[in-house]
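Here is upload.pdb, consisting of PDB, C-alpha atoms:
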ATOM      1  CA  MET A 729     -20.636 -14.086 -13.415
ATOM      2  CA  GLU A 730     -21.143 -10.361 -13.963
ATOM      3  CA  THR A 731     -18.209  -8.137 -13.054
ATOM      4  CA  VAL A 732     -17.453  -4.505 -12.322
ATOM      5  CA  THR A 733     -14.272  -2.840 -13.536
ATOM      6  CA  LEU A 734     -12.254  -1.053 -10.873
ATOM      7  CA  SER A 735     -10.503   2.254 -11.536
ATOM      8  CA  ASN A 736      -7.238   0.449 -12.330
ATOM      9  CA  GLY A 737      -8.892  -1.837 -14.897
ATOM     10  CA  VAL A 738      -9.098  -4.933 -12.659
ATOM     11  CA  LYS A 739     -12.368  -6.826 -13.078
ATOM     12  CA  MET A 740     -14.137  -7.817  -9.861
ATOM     13  CA  PRO A 741     -17.130 -10.184  -9.566
ATOM     14  CA  ILE A 742     -20.282  -8.321  -8.526
ATOM     15  CA  LEU A 743     -21.482 -11.234  -6.365
ATOM     16  CA  ASP A 744     -19.089 -12.403  -3.658
ATOM     17  CA  PHE A 745     -19.026 -14.924  -0.830
ATOM     18  CA  GLY A 746     -18.265 -13.736   2.700
ATOM     19  CA  VAL A 747     -16.865 -15.744   5.626
ATOM     20  CA  PHE A 748     -17.472 -13.329   8.503
ATOM     21  CA  GLN A 749     -18.295 -15.117  11.784
ATOM     22  CA  ILE A 750     -17.041 -18.534  10.635
ATOM     23  CA  PRO A 751     -13.949 -18.792  12.897
ATOM     24  CA  ASP A 752     -13.836 -22.609  12.971
ATOM     25  CA  LEU A 753     -11.268 -23.453  10.298
ATOM     26  CA  GLY A 754     -12.743 -26.827   9.410
ATOM     27  CA  GLU A 755     -16.230 -25.415   9.059
ATOM     28  CA  CYS A 756     -14.962 -22.436   7.069
ATOM     29  CA  GLU A 757     -12.999 -24.635   4.675
ATOM     30  CA  ARG A 758     -16.105 -26.778   4.086
ATOM     31  CA  VAL A 759     -18.324 -23.757   3.506
ATOM     32  CA  VAL A 760     -15.881 -22.098   1.079
ATOM     33  CA  SER A 761     -15.434 -25.364  -0.821
ATOM     34  CA  GLU A 762     -19.212 -25.624  -1.207
ATOM     35  CA  ALA A 763     -19.405 -22.009  -2.351
ATOM     36  CA  ILE A 764     -16.741 -22.671  -4.976
ATOM     37  CA  GLU A 765     -18.749 -25.685  -6.127
ATOM     38  CA  VAL A 766     -21.808 -23.462  -6.569
ATOM     39  CA  GLY A 767     -19.783 -21.021  -8.668
ATOM     40  CA  TYR A 768     -18.555 -18.269  -6.348
ATOM     41  CA  ARG A 769     -15.082 -17.055  -7.220
ATOM     42  CA  LEU A 770     -14.667 -13.979  -5.021
ATOM     43  CA  ILE A 771     -14.078 -14.977  -1.414
ATOM     44  CA  ASP A 772     -14.061 -12.163   1.160
ATOM     45  CA  THR A 773     -12.100 -12.775   4.361
ATOM     46  CA  ALA A 774     -10.133 -10.628   6.826
ATOM     47  CA  GLN A 775      -7.352 -10.843   9.353
ATOM     48  CA  ALA A 776      -9.926 -10.229  12.094
ATOM     49  CA  TYR A 777     -12.084 -13.161  10.965
ATOM     50  CA  GLY A 778      -9.370 -15.662  11.887
ATOM     51  CA  ASN A 779     -10.052 -17.871   8.866
ATOM     52  CA  GLU A 780      -7.640 -16.827   6.124
ATOM     53  CA  GLU A 781      -5.950 -20.244   6.339
ATOM     54  CA  ALA A 782      -9.237 -22.045   5.716
ATOM     55  CA  VAL A 783      -9.948 -19.898   2.659
ATOM     56  CA  GLY A 784      -6.492 -20.636   1.277
ATOM     57  CA  LYS A 785      -6.912 -24.384   1.801
ATOM     58  CA  ALA A 786     -10.318 -24.440   0.104
ATOM     59  CA  VAL A 787      -8.933 -22.551  -2.900
ATOM     60  CA  GLN A 788      -5.958 -24.918  -3.113
ATOM     61  CA  LYS A 789      -8.138 -28.022  -2.848
ATOM     62  CA  SER A 790     -10.545 -26.801  -5.537
ATOM     63  CA  GLY A 791      -7.972 -27.641  -8.199
ATOM     64  CA  LEU A 792      -8.943 -24.491 -10.112
ATOM     65  CA  PRO A 793      -6.282 -22.063 -11.369
ATOM     66  CA  ARG A 794      -5.421 -19.271  -8.938
ATOM     67  CA  GLU A 795      -6.336 -16.696 -11.586
ATOM     68  CA  ASP A 796      -9.932 -17.933 -11.541
ATOM     69  CA  PHE A 797     -10.347 -16.485  -8.054
ATOM     70  CA  PHE A 798     -10.652 -13.007  -6.635
ATOM     71  CA  ILE A 799      -9.547 -13.096  -3.001
ATOM     72  CA  THR A 800     -10.135 -10.213  -0.588
ATOM     73  CA  THR A 801      -8.692  -9.716   2.877
ATOM     74  CA  LYS A 802      -8.477  -6.753   5.241
ATOM     75  CA  VAL A 803      -5.859  -5.233   7.550
ATOM     76  CA  TRP A 804      -7.140  -4.886  11.121
ATOM     77  CA  ILE A 805      -6.629  -1.896  13.433
ATOM     78  CA  SER A 806      -4.049  -3.645  15.632
ATOM     79  CA  ASN A 807      -1.917  -4.099  12.488
ATOM     80  CA  ALA A 808      -2.222  -0.449  11.463
ATOM     81  CA  GLY A 809       0.865   1.560  10.543
ATOM     82  CA  TYR A 810       3.430   1.096   7.818
ATOM     83  CA  GLU A 811       5.703  -1.564   9.332
ATOM     84  CA  LYS A 812       3.012  -3.508  11.191
ATOM     85  CA  ALA A 813       0.758  -3.501   8.139
ATOM     86  CA  LYS A 814       3.543  -4.902   5.949
ATOM     87  CA  ALA A 815       4.242  -7.678   8.441
ATOM     88  CA  SER A 816       0.535  -8.506   8.578
ATOM     89  CA  LEU A 817       0.291  -8.587   4.791
ATOM     90  CA  ASP A 818       3.148 -11.076   4.644
ATOM     91  CA  GLU A 819       1.314 -13.164   7.241
ATOM     92  CA  SER A 820      -1.919 -12.997   5.260
ATOM     93  CA  LEU A 821      -0.101 -14.152   2.117
ATOM     94  CA  ARG A 822       1.378 -17.039   4.093
ATOM     95  CA  LYS A 823      -1.944 -18.089   5.584
ATOM     96  CA  LEU A 824      -3.710 -17.860   2.228
ATOM     97  CA  GLN A 825      -0.845 -19.776   0.555
ATOM     98  CA  MET A 826      -0.805 -17.234  -2.255
ATOM     99  CA  ASP A 827       1.782 -15.137  -4.068
ATOM    100  CA  TYR A 828      -0.647 -12.239  -4.410
ATOM    101  CA  ILE A 829      -4.015 -11.068  -3.080
ATOM    102  CA  ASP A 830      -6.580  -9.606  -5.449
ATOM    103  CA  LEU A 831      -7.927  -6.957  -3.070
ATOM    104  CA  VAL A 832      -6.790  -5.738   0.334
ATOM    105  CA  LEU A 833      -8.845  -3.265   2.354
ATOM    106  CA  ILE A 834      -8.148  -1.211   5.456
ATOM    107  CA  HIS A 835     -10.791  -2.778   7.695
ATOM    108  CA  GLN A 836     -11.658   0.232   9.876
ATOM    109  CA  PRO A 837     -10.987   3.995   9.652
ATOM    110  CA  PHE A 838      -9.034   4.078  12.918
ATOM    111  CA  GLY A 839      -5.407   3.925  14.021
ATOM    112  CA  ASP A 840      -2.599   4.869  11.660
ATOM    113  CA  TYR A 841      -4.544   4.176   8.501
ATOM    114  CA  TYR A 842      -2.282   6.546   6.559
ATOM    115  CA  GLY A 843       0.706   4.360   7.390
ATOM    116  CA  THR A 844      -1.321   1.300   6.450
ATOM    117  CA  TRP A 845      -2.235   2.912   3.148
ATOM    118  CA  CYS A 846       1.442   3.512   2.377
ATOM    119  CA  ALA A 847       2.095  -0.195   2.949
ATOM    120  CA  LEU A 848      -0.795  -1.144   0.668
ATOM    121  CA  GLU A 849       0.507   1.186  -2.031
ATOM    122  CA  GLU A 850       3.958  -0.424  -1.786
ATOM    123  CA  TYR A 851       2.598  -3.961  -2.077
ATOM    124  CA  TYR A 852       0.293  -2.880  -4.901
ATOM    125  CA  LYS A 853       3.190  -1.423  -6.880
ATOM    126  CA  ALA A 854       5.187  -4.612  -6.237
ATOM    127  CA  GLY A 855       2.391  -6.759  -7.678
ATOM    128  CA  LYS A 856       1.606  -8.497  -4.395
ATOM    129  CA  ILE A 857      -1.859  -6.894  -4.357
ATOM    130  CA  ARG A 858      -3.948  -6.289  -7.485
ATOM    131  CA  ALA A 859      -6.255  -3.657  -5.987
ATOM    132  CA  ILE A 860      -6.429  -1.705  -2.726
ATOM    133  CA  GLY A 861      -9.268  -0.063  -0.872
ATOM    134  CA  VAL A 862     -10.988   0.568   2.429
ATOM    135  CA  SER A 863     -13.874  -0.700   4.516
ATOM    136  CA  ASN A 864     -16.283   1.177   6.785
ATOM    137  CA  PHE A 865     -14.966   4.553   5.667
ATOM    138  CA  TYR A 866     -17.752   7.137   5.858
ATOM    139  CA  PRO A 867     -17.691   9.828   3.133
ATOM    140  CA  ASP A 868     -15.620  12.260   5.223
ATOM    141  CA  ARG A 869     -12.824   9.749   5.889
ATOM    142  CA  LEU A 870     -12.994   8.483   2.312
ATOM    143  CA  VAL A 871     -12.525  11.967   0.868
ATOM    144  CA  ASP A 872      -9.704  12.607   3.359
ATOM    145  CA  LEU A 873      -7.775   9.534   2.212
ATOM    146  CA  ALA A 874      -8.507  10.143  -1.463
ATOM    147  CA  SER A 875      -7.403  13.772  -1.268
ATOM    148  CA  PHE A 876      -3.922  13.228   0.137
ATOM    149  CA  ASN A 877      -2.582  10.065  -1.483
ATOM    150  CA  ALA A 878      -1.145   9.287  -4.897
ATOM    151  CA  ILE A 879      -3.293   6.188  -5.327
ATOM    152  CA  LEU A 880      -7.005   6.489  -4.601
ATOM    153  CA  PRO A 881      -8.937   3.663  -2.940
ATOM    154  CA  MET A 882     -10.478   1.411  -5.574
ATOM    155  CA  VAL A 883     -13.169  -0.069  -3.305
ATOM    156  CA  ASN A 884     -15.074   1.017  -0.197
ATOM    157  CA  GLN A 885     -16.896  -1.811   1.585
ATOM    158  CA  VAL A 886     -19.666  -0.517   3.838
ATOM    159  CA  GLU A 887     -22.918  -1.701   5.393
ATOM    160  CA  THR A 888     -25.416  -1.489   2.535
ATOM    161  CA  HIS A 889     -28.883  -3.016   2.301
ATOM    162  CA  VAL A 890     -32.454  -1.921   1.558
ATOM    163  CA  PHE A 891     -32.801  -0.273   4.987
ATOM    164  CA  ASN A 892     -29.472   1.576   4.739
ATOM    165  CA  GLN A 893     -28.923   2.225   1.053
ATOM    166  CA  GLN A 894     -25.880   4.518   1.311
ATOM    167  CA  ILE A 895     -27.219   7.017  -1.216
ATOM    168  CA  GLU A 896     -24.793   9.787  -0.234
ATOM    169  CA  ALA A 897     -21.863   7.374   0.166
ATOM    170  CA  LYS A 898     -22.430   6.072  -3.349
ATOM    171  CA  LYS A 899     -22.483   9.600  -4.766
ATOM    172  CA  VAL A 900     -19.139  10.350  -3.138
ATOM    173  CA  SER A 901     -17.671   7.011  -4.208
ATOM    174  CA  ASP A 902     -18.800   7.563  -7.792
ATOM    175  CA  GLU A 903     -17.284  11.060  -7.772
ATOM    176  CA  TYR A 904     -13.864   9.567  -6.970
ATOM    177  CA  GLY A 905     -14.237   6.459  -9.132
ATOM    178  CA  ILE A 906     -14.385   4.193  -6.070
ATOM    179  CA  GLN A 907     -16.445   0.990  -6.238
ATOM    180  CA  LEU A 908     -19.021   0.632  -3.460
ATOM    181  CA  GLU A 909     -19.241  -2.866  -1.967
ATOM    182  CA  SER A 910     -21.970  -4.040   0.398
ATOM    183  CA  TRP A 911     -21.431  -5.977   3.583
ATOM    184  CA  GLY A 912     -24.590  -7.189   5.306
ATOM    185  CA  PRO A 913     -26.800  -7.070   2.180
ATOM    186  CA  PHE A 914     -29.528  -8.968   4.091
ATOM    187  CA  ALA A 915     -29.295  -6.642   7.115
ATOM    188  CA  GLU A 916     -28.643  -9.880   9.022
ATOM    189  CA  GLY A 917     -32.401 -10.428   8.993
ATOM    190  CA  LYS A 918     -33.180  -7.279  10.961
ATOM    191  CA  ASN A 919     -36.476  -5.433  10.366
ATOM    192  CA  ASP A 920     -37.975  -8.768   9.230
ATOM    193  CA  PHE A 921     -35.932  -8.491   6.031
ATOM    194  CA  PHE A 922     -36.841 -11.936   4.699
ATOM    195  CA  THR A 923     -40.591 -11.377   5.073
ATOM    196  CA  ASN A 924     -40.705  -7.686   4.187
ATOM    197  CA  PRO A 925     -43.995  -7.064   2.313
ATOM    198  CA  ILE A 926     -42.448  -4.892  -0.391
ATOM    199  CA  LEU A 927     -39.624  -7.335  -1.115
ATOM    200  CA  THR A 928     -41.848 -10.422  -1.025
ATOM    201  CA  THR A 929     -44.543  -8.858  -3.207
ATOM    202  CA  ILE A 930     -41.998  -7.775  -5.816
ATOM    203  CA  GLY A 931     -40.319 -11.171  -5.599
ATOM    204  CA  ALA A 932     -43.585 -12.987  -6.274
ATOM    205  CA  LYS A 933     -43.757 -11.335  -9.710
ATOM    206  CA  TYR A 934     -40.465 -12.934 -10.698
ATOM    207  CA  GLY A 935     -40.629 -16.170  -8.723
ATOM    208  CA  LYS A 936     -37.885 -14.886  -6.406
ATOM    209  CA  SER A 937     -37.434 -14.554  -2.653
ATOM    210  CA  ALA A 938     -37.085 -11.345  -0.659
ATOM    211  CA  ALA A 939     -33.366 -12.149  -0.297
ATOM    212  CA  GLN A 940     -32.936 -12.453  -4.055
ATOM    213  CA  VAL A 941     -34.802  -9.191  -4.637
ATOM    214  CA  GLY A 942     -32.604  -7.438  -2.053
ATOM    215  CA  LEU A 943     -29.455  -8.631  -3.786
ATOM    216  CA  ARG A 944     -30.771  -7.796  -7.244
ATOM    217  CA  TYR A 945     -31.639  -4.273  -6.117
ATOM    218  CA  LEU A 946     -28.061  -3.576  -5.045
ATOM    219  CA  ILE A 947     -26.594  -5.227  -8.131
ATOM    220  CA  GLN A 948     -28.723  -3.067 -10.420
ATOM    221  CA  ARG A 949     -27.393  -0.025  -8.577
ATOM    222  CA  GLY A 950     -23.881  -1.192  -9.492
ATOM    223  CA  ILE A 951     -22.997  -2.226  -5.939
ATOM    224  CA  VAL A 952     -20.901  -5.348  -5.295
ATOM    225  CA  VAL A 953     -22.630  -7.634  -2.775
ATOM    226  CA  ILE A 954     -21.323 -10.145  -0.212
ATOM    227  CA  PRO A 955     -24.098 -12.473   0.955
ATOM    228  CA  LYS A 956     -23.029 -14.911   3.662
ATOM    229  CA  THR A 957     -24.528 -18.294   4.513
ATOM    230  CA  VAL A 958     -23.226 -21.664   5.664
ATOM    231  CA  HIS A 959     -25.961 -23.582   3.810
ATOM    232  CA  GLN A 960     -25.261 -24.635   0.233
ATOM    233  CA  GLU A 961     -28.903 -24.424  -0.882
ATOM    234  CA  ARG A 962     -28.994 -20.778   0.178
ATOM    235  CA  MET A 963     -25.673 -20.240  -1.590
ATOM    236  CA  ARG A 964     -27.391 -21.441  -4.762
ATOM    237  CA  GLN A 965     -30.383 -19.182  -4.177
ATOM    238  CA  ASN A 966     -28.158 -16.159  -3.592
ATOM    239  CA  PHE A 967     -26.263 -16.988  -6.781
ATOM    240  CA  ASP A 968     -29.492 -17.170  -8.792
ATOM    241  CA  VAL A 969     -30.077 -13.446  -9.270
ATOM    242  CA  PHE A 970     -28.938 -12.851 -12.827
ATOM    243  CA  ASP A 971     -31.987 -14.084 -14.733
ATOM    244  CA  PHE A 972     -34.364 -11.227 -13.930
ATOM    245  CA  ASN A 973     -34.390  -7.434 -13.817
ATOM    246  CA  LEU A 974     -36.301  -5.201 -11.444
ATOM    247  CA  SER A 975     -38.415  -2.555 -13.162
ATOM    248  CA  ASP A 976     -38.033   1.178 -12.522
ATOM    249  CA  GLU A 977     -41.229   0.967 -10.463
ATOM    250  CA  ASP A 978     -39.754  -1.870  -8.391
ATOM    251  CA  MET A 979     -36.571   0.097  -7.788
ATOM    252  CA  ALA A 980     -38.524   3.198  -6.733
ATOM    253  CA  GLU A 981     -40.645   1.190  -4.304
ATOM    254  CA  ILE A 982     -37.612  -0.447  -2.689
ATOM    255  CA  LEU A 983     -36.008   2.981  -2.338
ATOM    256  CA  THR A 984     -38.795   3.899   0.091
ATOM    257  CA  LEU A 985     -37.429   1.309   2.555
ATOM    258  CA  ASP A 986     -34.260   3.344   3.124
ATOM    259  CA  GLN A 987     -33.895   4.604   6.695
ATOM    260  CA  GLY A 988     -30.562   6.270   6.010
ATOM    261  CA  GLU A 989     -28.761   4.921   9.061
ATOM    262  CA  SER A 990     -26.901   1.847  10.262
ATOM    263  CA  LEU A 991     -28.731  -1.019  11.910
ATOM    264  CA  PHE A 992     -25.506  -2.195  13.549
ATOM    265  CA  ILE A 993     -22.777   0.307  14.299
ATOM    266  CA  ASN A 994     -22.030   4.026  14.390
ATOM    267  CA  HIS A 995     -18.395   4.777  13.575
ATOM    268  CA  TYR A 996     -18.828   8.339  14.850
ATOM    269  CA  ASN A 997     -19.629   7.057  18.353
ATOM    270  CA  PRO A 998     -16.558   7.275  20.669
ATOM    271  CA  GLU A 999     -17.606   4.037  22.389
ATOM    272  CA  THR A1000     -17.528   2.269  19.011
ATOM    273  CA  VAL A1001     -13.981   3.494  18.418
ATOM    274  CA  LYS A1002     -12.890   2.344  21.870
ATOM    275  CA  SER A1003     -14.460  -1.081  21.443
ATOM    276  CA  LEU A1004     -12.988  -1.752  17.993
ATOM    277  CA  SER A1005      -9.579  -0.451  18.989
ATOM    278  CA  ARG A1006      -9.377  -2.865  21.923
ATOM    279  CA  TYR A1007      -9.796  -5.906  19.666
ATOM    280  CA  LYS A1008      -6.440  -7.436  18.733
ATOM    281  CA  VAL A1009      -5.550 -10.009  16.075
TER     282      VAL A1009
END
Before we go any further, please render this structure as structure tokens.
Amino acid sequence: METVTLSNGVKMPILDFGVFQIPDLGECERVVSEAIEVGYRLIDTAQAYGNEEAVGKAVQKSGLPREDFFITTKVWISNAGYEKAKASLDESLRKLQMDYIDLVLIHQPFGDYYGTWCALEEYYKAGKIRAIGVSNFYPDRLVDLASFNAILPMVNQVETHVFNQQIEAKKVSDEYGIQLESWGPFAEGKNDFFTNPILTTIGAKYGKSAAQVGLRYLIQRGIVVIPKTVHQERMRQNFDVFDFNLSDEDMAEILTLDQGESLFINHYNPETVKSLSRYKV
């Protein structure tokens, strides 16, 4: 598995497995176990997903050493603030059945995320977290947090796919040494992603699918990707993206697909803030 090196020297797999929208614990445990069997070692969960326990059980049952895995979780808005964030981190450790978590992110840029960041820094210094970062932080919020804290975020996980390529966000992340990580690398199938003519035509040259080309494009840009599926055959297909390289011409053609805006959510919209803030975990 290829890795990226975070600003603190921690190595992170560039291809991850996500468990968003798999709230059933039995189903989630099965899916994660199958992903581990395929070869995935970074599992991305969150307090808001309601399946940290299932991830922990699958890791335990794999029989593999804990150090073989890179586990990510995220602190939700309702757990924001120094004291509440610490309590939630202890709960996440308990649910995951782990002594440490490899990466913890602030899930959304709302609420007392400064207090949350202080809690993450404390747990990071204590060795309970190996790396800390944020999720869904647009460049303005990312620069804000990076400018006024002793420890800079090491990762920013944002919606990134061929239709929303986060060109500016990556420039800002690179400037601060922050690793960009993609959620929704398949755009959840929107804009006919899986049959897109550019992706399928390029894929045909390499014997690859549109999905594999979309992942490879992000990987070659140095972006960590989190494809999600509950089907093991698709897990294998998503994992099979390290035996080919897109040409400069391919990369330039895929760049033309960028629409420069989210297909899902606008964090600048007051209604978005209200909706997310009402969700409790």
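Minimum atom-to-atom distances from A:Ile906, A:Leu817, A:Ser875, A:Val803 to Gly950 in chain A were compared using all atoms listed in the file, and the lowest value belongs to A:Ile906.
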### Message
Could you list, as JSON, numbers by chain, every residue within 12 Å of Glu977 in chain A, counting all atoms listed in the file and ignoring same-chain residues fewer than 4 positions away?
### Response
{"A": [926, 930, 945, 973, 981, 982, 983, 984]}
Can you write out the residues you just picked, keeping C-alpha atoms, as a PDB file, in the frame of the given file?
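Wrote again-v4.pdb, looks like this:
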ATOM      1  CA  ILE A 926     -42.448  -4.892  -0.391  1.00  0.00           C
ATOM      2  CA  ILE A 930     -41.998  -7.775  -5.816  1.00  0.00           C
ATOM      3  CA  TYR A 945     -31.639  -4.273  -6.117  1.00  0.00           C
ATOM      4  CA  ASN A 973     -34.390  -7.434 -13.817  1.00  0.00           C
ATOM      5  CA  GLU A 981     -40.645   1.190  -4.304  1.00  0.00           C
ATOM      6  CA  ILE A 982     -37.612  -0.447  -2.689  1.00  0.00           C
ATOM      7  CA  LEU A 983     -36.008   2.981  -2.338  1.00  0.00           C
ATOM      8  CA  THR A 984     -38.795   3.899   0.091  1.00  0.00           C
TER       9      THR A 984
END
Range 794-866 of chain A residues near range 733-745 of chain A within 12 Å, closest pair each, using all atoms listed in the file, as a Markdown table:
| residue | atom | partner | partner_atom | distance |
| --- | --- | --- | --- | --- |
| A:Glu795 | CA | A:Lys739 | CA | 11.7 |
| A:Asp796 | CA | A:Pro741 | CA | 10.8 |
| A:Phe797 | CA | A:Pro741 | CA | 9.4 |
| A:Phe798 | CA | A:Met740 | CA | 7.0 |
| A:Ile799 | CA | A:Asp744 | CA | 9.6 |
| A:Thr800 | CA | A:Asp744 | CA | 9.7 |
| A:Asp830 | CA | A:Met740 | CA | 8.9 |
| A:Leu831 | CA | A:Met740 | CA | 9.2 |
| A:Tyr852 | CA | A:Asn736 | CA | 11.1 |
| A:Lys853 | CA | A:Asn736 | CA | 11.9 |
| A:Ile857 | CA | A:Val738 | CA | 11.2 |
| A:Arg858 | CA | A:Val738 | CA | 7.4 |
| A:Ala859 | CA | A:Val738 | CA | 7.4 |
| A:Ile860 | CA | A:Asn736 | CA | 9.9 |
| A:Gly861 | CA | A:Leu734 | CA | 10.5 |
Identify, on the basis of only C-alpha atoms, every residue whose closest approach to range 896-901 of chain A does not exceed 12 Å; exclude the query and any residue fewer than 5 positions from it along the same chain; express the result as a compact mmCIF listing (two decimals) with C-alpha atoms, in the frame of the given file.
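That gives us out05.txt:
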# COMPACT_ATOMS: atom_id res chain seq x y z
CA LEU A 734 -12.25 -1.05 -10.87
CA SER A 735 -10.50 2.25 -11.54
CA GLY A 861 -9.27 -0.06 -0.87
CA VAL A 862 -10.99 0.57 2.43
CA ASN A 864 -16.28 1.18 6.78
CA PHE A 865 -14.97 4.55 5.67
CA TYR A 866 -17.75 7.14 5.86
CA PRO A 867 -17.69 9.83 3.13
CA ASP A 868 -15.62 12.26 5.22
CA ARG A 869 -12.82 9.75 5.89
CA LEU A 870 -12.99 8.48 2.31
CA VAL A 871 -12.52 11.97 0.87
CA ASP A 872 -9.70 12.61 3.36
CA ALA A 874 -8.51 10.14 -1.46
CA LEU A 880 -7.00 6.49 -4.60
CA PRO A 881 -8.94 3.66 -2.94
CA MET A 882 -10.48 1.41 -5.57
CA VAL A 883 -13.17 -0.07 -3.30
CA ASN A 884 -15.07 1.02 -0.20
CA GLN A 885 -16.90 -1.81 1.58
CA VAL A 886 -19.67 -0.52 3.84
CA GLU A 887 -22.92 -1.70 5.39
CA THR A 888 -25.42 -1.49 2.54
CA ILE A 906 -14.38 4.19 -6.07
CA GLN A 907 -16.44 0.99 -6.24
CA LEU A 908 -19.02 0.63 -3.46
CA GLU A 909 -19.24 -2.87 -1.97
CA SER A 910 -21.97 -4.04 0.40
CA LEU A 946 -28.06 -3.58 -5.04
CA ARG A 949 -27.39 -0.02 -8.58
CA GLY A 950 -23.88 -1.19 -9.49
CA ILE A 951 -23.00 -2.23 -5.94
CA VAL A 952 -20.90 -5.35 -5.30
CA ASP A 986 -34.26 3.34 3.12
CA GLY A 988 -30.56 6.27 6.01
CA GLU A 989 -28.76 4.92 9.06
#### Entry: Distance criterion (all atoms listed in the file): nearest to Tyr768 in chain A out of A:Ala854, A:Val958, A:Met963, A:Val783
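Of A:Ala854, A:Val958, A:Met963, A:Val783, the one nearest Tyr768 in chain A is A:Met963, counting all atoms listed in the file.
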### Query
So which residues get picked by the PyMOL selection byres ((chain A and resi 788) around 12) here, written as a ChimeraX atom specification?
/A:757,760-761,764,781-787,789-797,823-826
### Task
Might you spell out which residues the PyMOL selection byres ((chain A and resi 749) around 10) would select in the displayed file, as a PyMOL selection string?
chain A and resi 746-748+750-752+756+773+776-779+956
### Summary
Between A:Asn924, A:Arg962, A:Met979, A:Leu821, smallest distance to Ile947 in chain A by all atoms listed in the file belongs to A:Met979
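Within the 8 Å cut-off around range 765-767 of chain A, using all atoms listed in the file and omitting residues fewer than 5 positions from it on the same chain, the listed residues are Gln960, Met963, Arg964 and Phe967 of chain A.
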#### Entry: Output of the PyMOL selection byres ((chain A and resi 993) around 12), listed as a VMD selection string
chain A and resid 836 864 866 886 to 887 892 912 915 989 to 992 994 to 1001 1003 to 1004
### Message
If we count all atoms listed in the file and set the cut-off at 8 Å, which residues sit around Arg944 in chain A, ignoring sequence neighbours fewer than 2 positions away in its own chain? Please answer as a PyMOL selection string.
### Response
chain A and resi 940-942+946-948+969-970+973-974
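Between Asp840 in chain A and the candidates A:Ser816, A:Ala980, A:Lys856, A:Gly809, the tightest atom-to-atom separation, counting all atoms listed in the file, involves A:Gly809.
Between Asp772 in chain A and the candidates A:Asn919, A:Ser975, A:Asn877, A:Thr801, the tightest atom-to-atom separation, counting only C-alpha atoms, involves A:Thr801.
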#### Entry: Interatomic distance, CA of Lys1002 in chain A to CA of Gln775 in chain A (Å, one decimal)
19.0 Å
### Task
Could you tell me which of A:His835, A:Gln965, A:Asp978, A:Ile954 comes closest to Lys933 in chain A if we count only C-alpha atoms?
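Between A:His835, A:Gln965, A:Asp978, A:Ile954, the residue approaching Lys933 in chain A most closely is A:Asp978.
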### Query
Any idea what's packed within 12 Å of Ala815 in chain A, counting only C-alpha atoms, ignoring anything in its chain fewer than 6 positions away? Could you give it as a ChimeraX atom specification?
/A:803,806-809,821-822,844,847-848,851
